[in-house]
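Inspection log for the structure reproduced underneath, given as structure tokens.
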Amino acid sequence: MIIPFHFYSNLLSNYEQFKCSQLFGRLLFEEKIHELNHELSHHLSIKNEGNSVESRIITSFNLGDGPIKILVWSQMHGNESTSTKAIYDFLSWVKLNLNTSNKVLVELLQQVTLKIIPILNPDGAFKYTRFNANNVDLNRDAKLQSQPETQVLFSIVESFQPHLCLNMHGQRTIFSAGLNPVPATLSFLSASSTKDRSVNETRLKSMAIINGVNDLLQNFLPEQVGRYNDAFNMNCTGDYLHSTGIPTVLFESGHFADDYEREIVRKYTFLSLFKALELGTAFIEKETHIEALDDYNKIPENQELFVDVVVEKIKVGDVLKTVGIKYEESFEGDDIGFNPIVVEIADKSTYYGHTIIDASQLSNHSKFNDLQVGDEFPELKINENVFVKKFKI
Ligand SMILES: [Zn+2]
């Protein structure tokens, strides 16, 4: 199926009408979606797929009955919740249009069978950590399949036999899309399936999906899409699935200016998910051309060039310096704390800053006198405006 561009631009303009407004911010775990799942279960098929280490349920939504099977999962890393919000936005859109004659939805559900796991690592989500309850990174467990959550995923892969997998993650604020001072608001990867990173039909198929999603995103996020390094690691889910011949696209929801709640990138992740489903229907059974590689390689590779804040012209040890600050996240029960930590004190910053502050108007520099790398940066107030401080989401 081919969905026209105006459909996507309308989705963005009407987003507030269907987005899943019950979900917000960074902390997203089972208890927060319990009611929501119950509500959605009146409209959509929901299934218990298995349990986590700490016996939390791993659920899936099952939609459509078409010949092309697409498996989607999110929050394999428990603290990466943006794509889970995007998944619920998609499910909300489906629910809203289910009993209408929405042509796109009718066609989509005729062409695909979709299985969506919003939270693959519910224990990690509960504790806001990347790892599962046994402290294992589930995205390094594909070969061993030692953890119950990994076993749930791979038993689904075996029984469902997907034509396409969408492996949805979130990334830190440090990434730029290439060498330019723009954040990688969304990044993608078509993982290698061999050590020599050779390109085969399976990789080309996921590249072609990424290219199509990138083309769409360029209309809304120009230059802000990146591509991950494709160093091979058989323990990673995408690399492993590619080695078995199943095209798998890695999504990474990243940073947009001031969007620490990840509410803006959530919208573009939703859009990317929708586009990937469309593209999955269009060519998954067809041969993909080698040109997909050229277009894929044109997407700039992610670089770690950003800090959150660069403070310029601040007196440290009586000399004017530039200070680079990264927010370090901490789980504080009901909130996520963002603590400003000094990562660089230099004459000239080697980083780009999402926020750049000129401190030359600062009247009292004294509390920054002994500042060192690794310190928490004290609150920065210039003319009664606070520019840097610890905050919570
Ligand atoms: Zn991740």
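Ordering of the structure tokens sets the chain letters (A, B, ...), residue numbers begin anew at 1 in every chain, and ligands are numbered from 1 in the order given.
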Produce as a PyMOL selection string the set of residues near ligand 1, where near means within 10 Å with only C-alpha atoms and all ligand atoms considered. chain A and resi 74-81+130-131+137-139+167-172+250-253
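Those residues of range 106-253 of chain A that DSSP, working from the backbone, places in strand (DSSP E or B) are Val112, Thr113, Leu114, Lys115, Ile116, Ile117, Leu164, Cys165, Leu166, Asn167, Met168, His169, Gly170, Ser176, Ala177, Pro183, Leu186, Ser187, Phe188, Leu189, Val225, Gly226, Arg227, Thr248, Val249, Leu250, Phe251, Glu252 and Ser253 of chain A.
Non-sequential neighbours of Leu96 in chain A (distance at most 12 Å, separation of 2 or more positions within a chain, only C-alpha atoms) are Gln17, Phe18, Lys19, Cys20, Leu40, His43, Leu44, Asp89, Phe90, Leu91, Ser92, Trp93, Val94, Leu98, Asn99, Thr100, Ser101, Asn102 and Leu105 of chain A.
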Keeping all heavy atoms, export the residues of the selection given above as a compact mmCIF listing (two decimals), in the first residue's frame.
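Okay, this is what ended up in part-v4.txt:
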# COMPACT_ATOMS: atom_id res chain seq x y z
N GLN A 17 -5.42 15.26 18.88
CA GLN A 17 -6.77 14.69 18.97
C GLN A 17 -6.77 13.20 19.27
O GLN A 17 -7.73 12.67 19.79
CB GLN A 17 -7.54 14.94 17.67
CG GLN A 17 -7.88 16.39 17.45
CD GLN A 17 -8.37 16.64 16.04
OE1 GLN A 17 -8.84 15.73 15.35
NE2 GLN A 17 -8.25 17.87 15.59
N PHE A 18 -5.71 12.51 18.88
CA PHE A 18 -5.74 11.05 19.10
C PHE A 18 -4.62 10.54 19.99
O PHE A 18 -4.63 9.40 20.42
CB PHE A 18 -5.71 10.30 17.75
CG PHE A 18 -4.49 10.56 16.93
CD1 PHE A 18 -3.30 9.90 17.21
CD2 PHE A 18 -4.50 11.47 15.88
CE1 PHE A 18 -2.16 10.14 16.47
CE2 PHE A 18 -3.37 11.73 15.13
CZ PHE A 18 -2.19 11.06 15.43
N LYS A 19 -3.63 11.39 20.30
CA LYS A 19 -2.49 10.87 21.06
C LYS A 19 -2.96 10.32 22.42
O LYS A 19 -3.98 10.73 22.94
CB LYS A 19 -1.42 11.95 21.25
CG LYS A 19 -1.69 12.93 22.37
CD LYS A 19 -0.52 13.89 22.51
CE LYS A 19 0.11 13.80 23.86
NZ LYS A 19 1.03 14.91 24.16
N CYS A 20 -2.19 9.38 22.91
CA CYS A 20 -2.56 8.74 24.16
C CYS A 20 -2.15 9.65 25.32
O CYS A 20 -1.03 9.56 25.83
CB CYS A 20 -1.84 7.39 24.24
SG CYS A 20 -2.26 6.49 25.70
N LEU A 40 -8.15 -0.58 26.23
CA LEU A 40 -7.88 -0.96 24.83
C LEU A 40 -8.33 -2.39 24.54
O LEU A 40 -8.66 -2.72 23.40
CB LEU A 40 -6.38 -0.82 24.51
CG LEU A 40 -5.86 0.61 24.33
CD1 LEU A 40 -4.33 0.64 24.35
CD2 LEU A 40 -6.37 1.23 23.02
N HIS A 43 -11.34 -3.15 22.55
CA HIS A 43 -11.32 -2.85 21.11
C HIS A 43 -10.29 -3.68 20.34
O HIS A 43 -10.46 -3.95 19.16
CB HIS A 43 -11.02 -1.36 20.88
CG HIS A 43 -11.86 -0.46 21.70
ND1 HIS A 43 -13.10 -0.04 21.27
CD2 HIS A 43 -11.67 0.09 22.93
CE1 HIS A 43 -13.64 0.74 22.21
NE2 HIS A 43 -12.78 0.83 23.22
N LEU A 44 -9.20 -4.03 21.02
CA LEU A 44 -8.08 -4.70 20.33
C LEU A 44 -7.74 -6.00 21.05
O LEU A 44 -7.96 -6.12 22.26
CB LEU A 44 -6.84 -3.78 20.33
CG LEU A 44 -7.01 -2.39 19.70
CD1 LEU A 44 -5.80 -1.52 20.02
CD2 LEU A 44 -7.16 -2.52 18.19
N ASP A 89 0.30 5.81 21.11
CA ASP A 89 -0.32 6.80 20.22
C ASP A 89 -0.88 6.09 18.98
O ASP A 89 -1.99 6.38 18.53
CB ASP A 89 0.69 7.86 19.79
CG ASP A 89 1.10 8.76 20.94
OD1 ASP A 89 0.36 8.82 21.95
OD2 ASP A 89 2.18 9.39 20.85
N PHE A 90 -0.10 5.14 18.46
CA PHE A 90 -0.56 4.38 17.29
C PHE A 90 -1.81 3.57 17.65
O PHE A 90 -2.80 3.59 16.92
CB PHE A 90 0.55 3.46 16.78
CG PHE A 90 0.12 2.57 15.66
CD1 PHE A 90 -0.12 3.08 14.39
CD2 PHE A 90 -0.10 1.21 15.88
CE1 PHE A 90 -0.55 2.25 13.36
CE2 PHE A 90 -0.53 0.38 14.85
CZ PHE A 90 -0.76 0.90 13.58
N LEU A 91 -1.78 2.90 18.79
CA LEU A 91 -2.93 2.08 19.20
C LEU A 91 -4.16 2.96 19.43
O LEU A 91 -5.29 2.58 19.10
CB LEU A 91 -2.60 1.28 20.47
CG LEU A 91 -1.51 0.21 20.31
CD1 LEU A 91 -1.14 -0.38 21.68
CD2 LEU A 91 -1.93 -0.90 19.35
N SER A 92 -3.94 4.17 19.97
CA SER A 92 -5.05 5.10 20.18
C SER A 92 -5.65 5.54 18.85
O SER A 92 -6.87 5.65 18.71
CB SER A 92 -4.58 6.35 20.93
OG SER A 92 -4.18 6.01 22.20
N TRP A 93 -4.76 5.78 17.88
CA TRP A 93 -5.24 6.16 16.55
C TRP A 93 -6.06 5.02 15.94
O TRP A 93 -7.12 5.23 15.35
CB TRP A 93 -4.06 6.52 15.63
CG TRP A 93 -4.49 6.91 14.26
CD1 TRP A 93 -4.88 8.15 13.84
CD2 TRP A 93 -4.63 6.04 13.13
NE1 TRP A 93 -5.25 8.11 12.52
CE2 TRP A 93 -5.11 6.82 12.05
CE3 TRP A 93 -4.41 4.68 12.92
CZ2 TRP A 93 -5.37 6.29 10.79
CZ3 TRP A 93 -4.66 4.15 11.66
CH2 TRP A 93 -5.14 4.95 10.61
N VAL A 94 -5.56 3.80 16.10
CA VAL A 94 -6.29 2.63 15.56
C VAL A 94 -7.65 2.53 16.21
O VAL A 94 -8.68 2.38 15.54
CB VAL A 94 -5.48 1.33 15.79
CG1 VAL A 94 -6.32 0.10 15.47
CG2 VAL A 94 -4.20 1.32 14.96
N LEU A 98 -11.25 2.54 14.29
CA LEU A 98 -11.58 1.13 14.09
C LEU A 98 -12.95 0.90 13.47
O LEU A 98 -13.10 0.09 12.58
CB LEU A 98 -11.48 0.40 15.44
CG LEU A 98 -11.09 -1.06 15.42
CD1 LEU A 98 -9.85 -1.31 14.57
CD2 LEU A 98 -10.86 -1.56 16.85
N ASN A 99 -13.94 1.65 13.94
CA ASN A 99 -15.28 1.42 13.41
C ASN A 99 -15.69 2.49 12.41
O ASN A 99 -16.86 2.77 12.21
CB ASN A 99 -16.28 1.33 14.57
CG ASN A 99 -15.96 0.12 15.43
OD1 ASN A 99 -15.68 -0.96 14.91
ND2 ASN A 99 -15.95 0.31 16.74
N THR A 100 -14.69 3.08 11.80
CA THR A 100 -14.98 4.03 10.73
C THR A 100 -14.51 3.36 9.43
O THR A 100 -13.96 2.27 9.45
CB THR A 100 -14.18 5.34 10.92
OG1 THR A 100 -12.79 5.03 10.74
CG2 THR A 100 -14.40 5.92 12.30
N SER A 101 -14.70 4.04 8.33
CA SER A 101 -14.23 3.41 7.09
C SER A 101 -12.89 4.03 6.68
O SER A 101 -12.61 4.19 5.50
CB SER A 101 -15.28 3.57 5.99
OG SER A 101 -15.69 4.92 5.95
N ASN A 102 -12.08 4.38 7.67
CA ASN A 102 -10.76 4.94 7.37
C ASN A 102 -10.00 4.02 6.43
O ASN A 102 -9.66 2.88 6.78
CB ASN A 102 -9.98 5.14 8.68
CG ASN A 102 -8.65 5.81 8.45
OD1 ASN A 102 -7.79 5.31 7.73
ND2 ASN A 102 -8.48 6.98 9.04
N LEU A 105 -6.51 2.59 7.45
CA LEU A 105 -6.55 1.55 8.48
C LEU A 105 -7.11 0.23 7.92
O LEU A 105 -6.55 -0.84 8.17
CB LEU A 105 -7.40 2.01 9.68
CG LEU A 105 -7.45 1.00 10.83
CD1 LEU A 105 -6.06 0.72 11.40
CD2 LEU A 105 -8.38 1.49 11.95
Contact residues around Gly353 in chain A with only C-alpha atoms at 10 Å, ignoring same-chain residues under 5 positions, as a PDB file with N, CA and C atoms, in the first residue's frame:
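Final output, saved to around-v3.pdb:
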ATOM      1  N   THR A 173      21.168  12.237  24.981  1.00  0.00           N
ATOM      2  CA  THR A 173      21.181  13.548  24.312  1.00  0.00           C
ATOM      3  C   THR A 173      22.519  13.845  23.630  1.00  0.00           C
ATOM      4  N   ILE A 174      23.499  12.955  23.792  1.00  0.00           N
ATOM      5  CA  ILE A 174      24.876  13.255  23.345  1.00  0.00           C
ATOM      6  C   ILE A 174      25.074  13.169  21.832  1.00  0.00           C
ATOM      7  N   PRO A 181      26.151  20.673  13.953  1.00  0.00           N
ATOM      8  CA  PRO A 181      25.603  20.929  15.304  1.00  0.00           C
ATOM      9  C   PRO A 181      24.092  20.733  15.390  1.00  0.00           C
ATOM     10  N   VAL A 182      23.623  19.585  14.971  1.00  0.00           N
ATOM     11  CA  VAL A 182      22.187  19.264  15.061  1.00  0.00           C
ATOM     12  C   VAL A 182      22.023  17.931  15.779  1.00  0.00           C
ATOM     13  N   PRO A 183      21.059  17.858  16.687  1.00  0.00           N
ATOM     14  CA  PRO A 183      20.883  16.587  17.410  1.00  0.00           C
ATOM     15  C   PRO A 183      20.330  15.494  16.502  1.00  0.00           C
ATOM     16  N   LEU A 305      28.783  14.261  19.858  1.00  0.00           N
ATOM     17  CA  LEU A 305      29.363  15.612  19.884  1.00  0.00           C
ATOM     18  C   LEU A 305      28.618  16.597  20.780  1.00  0.00           C
ATOM     19  N   PHE A 306      27.538  16.145  21.429  1.00  0.00           N
ATOM     20  CA  PHE A 306      26.736  17.089  22.212  1.00  0.00           C
ATOM     21  C   PHE A 306      26.900  16.916  23.710  1.00  0.00           C
ATOM     22  N   VAL A 307      26.892  18.050  24.401  1.00  0.00           N
ATOM     23  CA  VAL A 307      26.574  18.046  25.821  1.00  0.00           C
ATOM     24  C   VAL A 307      25.247  18.801  25.953  1.00  0.00           C
ATOM     25  N   ASP A 308      24.650  18.744  27.121  1.00  0.00           N
ATOM     26  CA  ASP A 308      23.356  19.407  27.273  1.00  0.00           C
ATOM     27  C   ASP A 308      23.506  20.929  27.285  1.00  0.00           C
ATOM     28  N   VAL A 309      24.492  21.410  28.042  1.00  0.00           N
ATOM     29  CA  VAL A 309      24.671  22.864  28.175  1.00  0.00           C
ATOM     30  C   VAL A 309      26.138  23.228  28.011  1.00  0.00           C
ATOM     31  N   VAL A 310      26.394  24.288  27.268  1.00  0.00           N
ATOM     32  CA  VAL A 310      27.736  24.877  27.228  1.00  0.00           C
ATOM     33  C   VAL A 310      27.626  26.274  27.828  1.00  0.00           C
ATOM     34  N   VAL A 311      28.372  26.517  28.912  1.00  0.00           N
ATOM     35  CA  VAL A 311      28.385  27.852  29.522  1.00  0.00           C
ATOM     36  C   VAL A 311      29.682  28.530  29.106  1.00  0.00           C
ATOM     37  N   GLY A 324      31.382  22.574  29.864  1.00  0.00           N
ATOM     38  CA  GLY A 324      30.414  21.647  29.257  1.00  0.00           C
ATOM     39  C   GLY A 324      29.707  20.862  30.347  1.00  0.00           C
ATOM     40  N   ILE A 325      28.386  20.782  30.241  1.00  0.00           N
ATOM     41  CA  ILE A 325      27.578  20.125  31.288  1.00  0.00           C
ATOM     42  C   ILE A 325      26.674  19.067  30.665  1.00  0.00           C
ATOM     43  N   LYS A 326      26.672  17.897  31.290  1.00  0.00           N
ATOM     44  CA  LYS A 326      25.716  16.859  30.878  1.00  0.00           C
ATOM     45  C   LYS A 326      24.756  16.600  32.024  1.00  0.00           C
TER      46      LYS A 326
END
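Rounded to one decimal, CA of Glu261 in chain A and CA of Val323 in chain A lie 24.1 Å from each other.
Put simply, CA of Ser192 in chain A is 19.3 Å away from CA of Asn214 in chain A.
Neighbours of Ser193 in chain A closer than or equal to 6 Å, with only C-alpha atoms counted and sequence neighbours fewer than 5 positions away skipped, come out as Asp239, His242 and Ser243 of chain A.
Nearest-residue note for Asn211 in chain A: choosing from A:Gly25, A:Gly178, A:Pro378, A:Pro300, the minimum distance belongs to A:Pro300, counting only C-alpha atoms.
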